[in-house]
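S.K.: Questions regarding the structure given below will be posed in turn.
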Amino acid sequence: MIKLNINNEFSRLREVVLGTAKSNGPIPLLKDAYDPKSAEHIKAGTYPKDEDMVAEMDAVAAVFEKYNVKVYRPKQIENYNQIFSRDIAFVIGDKLIKANILPDREKEIEAIHHVINQINPENIIQFSEDVHVEGGDVMPYGDYIFVGTYYGDDYASYITARTNMQAVEALQDLFPNKKVKSFSLNKSNTIAEDNALHLDCCFQPIGKGKCIIHKEGFTEIAEYKWLVDFFGNENCFHINKREMYHMNSNIFSISEDVIISEKNFTRLNTWLRSQGFIVEEVPYAEISKQEGLLRCTTMPLIRD
Ligand SMILES: NC(=O)NCCC[C@H](N)C(=O)O
């Protein structure tokens with residue numbers, strides 16, 4: 001049995017699901033892209049190749065091995081994108097919530113049944129169909145659960161809006177003892193620099209009471225300020241539009257002190273080291289072309 005335990009983004013990691021890039025199938029048609037950064041690379045002829053992404057994910061697997069973290073991989077579905085495990089399900093406390101994900105991605109969950117079968121069925125939750133939620137938008141933080149969403153009436157017109165207010169309510173009902181705090185994120189179906197696809201694309205708490213944050217990711221300045229006050233401005237690493245585009249907030253913590261980060265994130269990695277973090281650098285620039293990075297490709301099951 002897997003004894004789920006996740007209450008934040010940075011306690012010592014013990015077990016995790018890491019996606020796979022082995023068989024993504026042919027380059028998608030532009031009309032089938034569901035995020036603007038993938039679309040940009042389809043148009044430019046620079047869409048990432050499976051073998052390059054496999055090599056990048058192998059580098060992450062090697063870091064997990066170094067830190068004795070148990071890694072589960074999805075079973076292969078031929079010609080299907082299974083890179084971003086984060087979004088298909090997520091763990092809060094001892095519960096695994098199966099995401100009601102974008103229909104284009106709904107087969108991904110089938111490929112982790114060998115993991116789900118090892119979890120007490122009482123701890124597996126599936127919300128009703130009207131509840132849209134993807135794991136990239138959900139972050140437990142002690143007594144809080146932070147949730148990225150989009151408040152606009154035009155929610156349905158954004159393929160980049162993946163978590164609705166029904167999800168915020170459903171999470172509050174499921175965890176009555178936690179404070180569920182929602183954040184409305186700026187969306188763009190066409191311009192990647194203006195699109196905070198998920199909360200983890202513009203914000204992430206890390207160890208030592210710090211966080212990474214991108215102001216323009218938030219539609220409500222008051223909600224952005226709430227986070228800055230909550231962490232304290234001196235503990236916030238502010239990233240600009242370009243850094244958000246490259247997904248600097250989407251690194252991944254193995255513990256309070258150890259962070260896996262992309263090797264080209266020079267400004268971020270220098271700051272992290274200056275704050276006493278150990279930074280394990282990996283190449284992830286090819287994965288990044290699909291508008292996801294390290295947090296997106298991992299789904300933690302057990303932290304201390
Ligand atoms: N948590 C995340 O931000 N996941 C990235 C998902 C990227 C994928 N191209 C998508 O649009 O669903």
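Letters A, B, ... mark the chains of the structure tokens in the order given; residue numbers begin at 1 per chain; ligand numbers begin at 1, in order shown.
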With a distance cut-off of 8 Å and only C-alpha atoms, select the neighbouring residues of Leu13 of chain A, excluding the residue or stretch itself and same-chain residues fewer than 5 positions from it, and output the selection as a list of chain:residue names.
M.R.: A:Val69, A:Ser253, A:Ile254, A:Ser255, A:Pro300, A:Ile302, A:Arg303, A:Asp304
S.K.: For segment 134-137 of chain A, please output as number ranges by chain all residues within 7 Å (counting only C-alpha atoms; exclusion window: fewer than 4 positions along the same chain).
M.R.: A: 86-90, 99-101, 147-148, 162-163, 198-200, 296
S.K.: With only C-alpha atoms and all ligand atoms as the atoms that count, which of A:Phe10, A:Tyr34, A:Tyr144, A:Tyr80 lies nearest to ligand 1?
M.R.: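 When distances to ligand 1 are compared using only C-alpha atoms and all ligand atoms, the smallest one comes from A:Tyr34.
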S.K.: How would you write, as an mmCIF file with C-alpha atoms, in the first residue's frame, the set of residues no farther than 10 Å from ligand 1 when counting only C-alpha atoms and all ligand atoms?
M.R.:
```
data_model
loop_
_atom_site.group_PDB
_atom_site.id
_atom_site.type_symbol
_atom_site.label_atom_id
_atom_site.label_comp_id
_atom_site.auth_asym_id
_atom_site.auth_seq_id
_atom_site.Cartn_x
_atom_site.Cartn_y
_atom_site.Cartn_z
ATOM 1 C CA ALA A 33 -2.665 22.496 -29.623
ATOM 2 C CA TYR A 34 -4.174 23.278 -26.222
ATOM 3 C CA ASP A 35 -1.614 25.781 -24.947
ATOM 4 C CA PRO A 36 -0.054 28.790 -26.753
ATOM 5 C CA LYS A 37 3.583 27.806 -26.232
ATOM 6 C CA SER A 38 3.137 24.414 -27.907
ATOM 7 C CA ALA A 39 1.330 26.248 -30.725
ATOM 8 C CA ASN A 81 1.362 12.780 -24.461
ATOM 9 C CA GLN A 82 1.992 11.612 -20.871
ATOM 10 C CA ILE A 83 4.615 14.131 -19.817
ATOM 11 C CA PHE A 84 2.702 16.274 -17.339
ATOM 12 C CA SER A 85 1.704 13.885 -14.543
ATOM 13 C CA ARG A 86 0.986 16.771 -12.184
ATOM 14 C CA ASP A 87 -2.305 17.623 -13.763
ATOM 15 C CA ILE A 88 -4.017 14.225 -13.922
ATOM 16 C CA ILE A 101 -8.893 17.336 -16.833
ATOM 17 C CA LEU A 102 -9.111 18.767 -20.365
ATOM 18 C CA ASP A 104 -7.671 15.998 -24.804
ATOM 19 C CA ARG A 105 -5.765 14.635 -21.806
ATOM 20 C CA GLU A 134 -5.946 20.185 -12.789
ATOM 21 C CA GLY A 135 -3.143 19.516 -10.300
ATOM 22 C CA GLY A 136 -0.990 22.394 -11.562
ATOM 23 C CA ASP A 137 -3.551 24.724 -10.015
ATOM 24 C CA VAL A 138 -3.637 23.110 -6.573
ATOM 25 C CA ILE A 159 -8.792 26.305 -23.309
ATOM 26 C CA THR A 160 -6.076 27.609 -20.977
ATOM 27 C CA ALA A 161 -8.527 27.949 -18.036
ATOM 28 C CA ARG A 162 -8.532 24.510 -16.456
ATOM 29 C CA ALA A 196 -0.558 31.711 -16.578
ATOM 30 C CA LEU A 197 -1.698 28.237 -17.596
ATOM 31 C CA HIS A 198 -1.777 26.957 -14.023
ATOM 32 C CA LEU A 199 -0.967 28.466 -10.632
ATOM 33 C CA ASP A 200 2.428 26.721 -10.713
ATOM 34 C CA CYS A 201 3.223 28.643 -13.920
ATOM 35 C CA CYS A 202 3.301 31.954 -12.010
ATOM 36 C CA MET A 247 8.726 28.658 -16.419
ATOM 37 C CA ASN A 250 7.898 25.654 -12.071
ATOM 38 C CA ILE A 287 9.986 19.974 -22.079
ATOM 39 C CA SER A 288 9.421 23.697 -21.458
ATOM 40 C CA LYS A 289 8.306 24.143 -25.083
ATOM 41 C CA GLN A 290 4.986 22.530 -24.121
ATOM 42 C CA GLU A 291 4.322 25.112 -21.403
ATOM 43 C CA GLY A 292 5.217 22.937 -18.445
ATOM 44 C CA LEU A 293 8.342 22.279 -16.424
ATOM 45 C CA LEU A 294 9.523 20.343 -13.381
ATOM 46 C CA ARG A 295 6.518 20.709 -11.084
ATOM 47 C CA CYS A 296 4.232 19.878 -13.997
ATOM 48 C CA THR A 297 5.993 16.600 -14.795
ATOM 49 C CA THR A 298 5.902 15.282 -11.222
ATOM 50 C CA MET A 299 3.056 14.160 -8.954
#
```
S.K.: Which residue is closest to Asn120 of chain A? Choose from A:Tyr151, A:Lys3, A:Ala170, A:Arg12 and count only C-alpha atoms.
M.R.: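 Looking at the shortest contact to Asn120 of chain A, the residue is A:Lys3.
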S.K.: Env of Ile97 of chain A: 8 Å cut, atoms = only C-alpha atoms, seq-sep filter 5 positions within chain, self excluded. Answer as a list in words.
M.R.: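 The contact residues come out as Ala89, Phe90, Val91, Ile92, Ile124, Ile125, Gln126 and Phe127 of chain A.
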S.K.: Write out as JSON, numbers by chain the residues lying within 9 Å of segment 177-183 of chain A, counting only C-alpha atoms and excluding same-chain residues fewer than 5 positions away.
M.R.: {"A": [140, 142, 143, 144, 145, 146, 147, 148, 149, 150, 151, 165, 168, 169, 171, 172, 199, 218, 219, 220, 223, 224]}
S.K.: Could you write those residues out with N, CA and C atoms, as a PDB file, in the first residue's frame?
M.R.:
```pdb
ATOM      1  N   PRO A 140      -1.348  22.472  -1.646  1.00  0.00           N
ATOM      2  CA  PRO A 140      -1.540  22.490  -0.201  1.00  0.00           C
ATOM      3  C   PRO A 140      -0.392  23.243   0.463  1.00  0.00           C
ATOM      4  N   GLY A 142       0.224  23.770   4.388  1.00  0.00           N
ATOM      5  CA  GLY A 142      -0.160  23.709   5.809  1.00  0.00           C
ATOM      6  C   GLY A 142      -1.673  23.800   5.955  1.00  0.00           C
ATOM      7  N   ASP A 143      -2.144  24.824   6.667  1.00  0.00           N
ATOM      8  CA  ASP A 143      -3.592  24.981   6.887  1.00  0.00           C
ATOM      9  C   ASP A 143      -4.322  25.464   5.648  1.00  0.00           C
ATOM     10  N   TYR A 144      -3.570  25.872   4.633  1.00  0.00           N
ATOM     11  CA  TYR A 144      -4.172  26.438   3.432  1.00  0.00           C
ATOM     12  C   TYR A 144      -4.135  25.455   2.260  1.00  0.00           C
ATOM     13  N   ILE A 145      -5.061  25.663   1.334  1.00  0.00           N
ATOM     14  CA  ILE A 145      -4.903  25.084  -0.009  1.00  0.00           C
ATOM     15  C   ILE A 145      -5.012  26.259  -0.975  1.00  0.00           C
ATOM     16  N   PHE A 146      -3.955  26.534  -1.706  1.00  0.00           N
ATOM     17  CA  PHE A 146      -3.962  27.606  -2.710  1.00  0.00           C
ATOM     18  C   PHE A 146      -4.461  27.010  -4.034  1.00  0.00           C
ATOM     19  N   VAL A 147      -5.393  27.709  -4.676  1.00  0.00           N
ATOM     20  CA  VAL A 147      -5.961  27.189  -5.924  1.00  0.00           C
ATOM     21  C   VAL A 147      -5.966  28.266  -7.005  1.00  0.00           C
ATOM     22  N   GLY A 148      -5.370  27.966  -8.137  1.00  0.00           N
ATOM     23  CA  GLY A 148      -5.422  28.863  -9.289  1.00  0.00           C
ATOM     24  C   GLY A 148      -6.723  28.622 -10.048  1.00  0.00           C
ATOM     25  N   THR A 149      -7.379  29.696 -10.475  1.00  0.00           N
ATOM     26  CA  THR A 149      -8.630  29.556 -11.213  1.00  0.00           C
ATOM     27  C   THR A 149      -8.739  30.740 -12.158  1.00  0.00           C
ATOM     28  N   TYR A 150      -9.935  30.966 -12.696  1.00  0.00           N
ATOM     29  CA  TYR A 150     -10.163  32.144 -13.544  1.00  0.00           C
ATOM     30  C   TYR A 150     -11.587  32.612 -13.288  1.00  0.00           C
ATOM     31  N   TYR A 151     -11.737  33.863 -12.843  1.00  0.00           N
ATOM     32  CA  TYR A 151     -13.058  34.340 -12.408  1.00  0.00           C
ATOM     33  C   TYR A 151     -13.944  34.811 -13.553  1.00  0.00           C
ATOM     34  N   MET A 165     -14.481  27.656 -10.470  1.00  0.00           N
ATOM     35  CA  MET A 165     -14.845  27.995  -9.096  1.00  0.00           C
ATOM     36  C   MET A 165     -15.566  26.828  -8.408  1.00  0.00           C
ATOM     37  N   VAL A 168     -12.996  25.087  -6.538  1.00  0.00           N
ATOM     38  CA  VAL A 168     -12.624  25.773  -5.284  1.00  0.00           C
ATOM     39  C   VAL A 168     -13.620  25.376  -4.196  1.00  0.00           C
ATOM     40  N   GLU A 169     -14.907  25.376  -4.564  1.00  0.00           N
ATOM     41  CA  GLU A 169     -15.948  25.006  -3.584  1.00  0.00           C
ATOM     42  C   GLU A 169     -15.840  23.522  -3.198  1.00  0.00           C
ATOM     43  N   LEU A 171     -13.237  21.623  -3.182  1.00  0.00           N
ATOM     44  CA  LEU A 171     -12.067  21.399  -2.312  1.00  0.00           C
ATOM     45  C   LEU A 171     -12.363  21.888  -0.894  1.00  0.00           C
ATOM     46  N   GLN A 172     -13.067  23.011  -0.790  1.00  0.00           N
ATOM     47  CA  GLN A 172     -13.405  23.508   0.557  1.00  0.00           C
ATOM     48  C   GLN A 172     -14.334  22.514   1.270  1.00  0.00           C
ATOM     49  N   LEU A 199      -1.569  27.678 -11.713  1.00  0.00           N
ATOM     50  CA  LEU A 199      -0.967  28.466 -10.632  1.00  0.00           C
ATOM     51  C   LEU A 199       0.549  28.245 -10.572  1.00  0.00           C
ATOM     52  N   PHE A 218      -1.451  37.309 -12.198  1.00  0.00           N
ATOM     53  CA  PHE A 218      -2.696  37.392 -11.420  1.00  0.00           C
ATOM     54  C   PHE A 218      -3.616  38.466 -11.991  1.00  0.00           C
ATOM     55  N   THR A 219      -4.907  38.158 -12.104  1.00  0.00           N
ATOM     56  CA  THR A 219      -5.844  39.188 -12.591  1.00  0.00           C
ATOM     57  C   THR A 219      -6.167  40.191 -11.478  1.00  0.00           C
ATOM     58  N   GLU A 220      -6.096  39.750 -10.221  1.00  0.00           N
ATOM     59  CA  GLU A 220      -6.489  40.614  -9.101  1.00  0.00           C
ATOM     60  C   GLU A 220      -5.229  41.018  -8.337  1.00  0.00           C
ATOM     61  N   GLU A 223      -5.008  39.904  -4.744  1.00  0.00           N
ATOM     62  CA  GLU A 223      -4.667  38.495  -4.461  1.00  0.00           C
ATOM     63  C   GLU A 223      -3.147  38.289  -4.550  1.00  0.00           C
ATOM     64  N   TYR A 224      -2.536  38.959  -5.526  1.00  0.00           N
ATOM     65  CA  TYR A 224      -1.065  38.914  -5.621  1.00  0.00           C
ATOM     66  C   TYR A 224      -0.451  39.506  -4.347  1.00  0.00           C
TER      67      TYR A 224
END
```
S.K.: Could you write out, as a list in words, all the residues of segment 33-145 of chain A that DSSP marks as strand (DSSP E or B)?
M.R.: Lys70, Val71, Tyr72, Gln82, Ala89, Phe90, Val91, Ile92, Gly93, Lys95, Leu96, Ile97, Lys98, Asn100, Ile124, Ile125, Gln126, Val133, Val138, Met139, Pro140, Tyr141, Tyr144 and Ile145 of chain A
S.K.: Would you please work out which residue, of A:Glu110, A:Lys208, A:Glu286, A:Phe230, is nearest to Leu272 of chain A when using only C-alpha atoms?
M.R.: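 Result for the nearest residue to Leu272 of chain A: A:Lys208.
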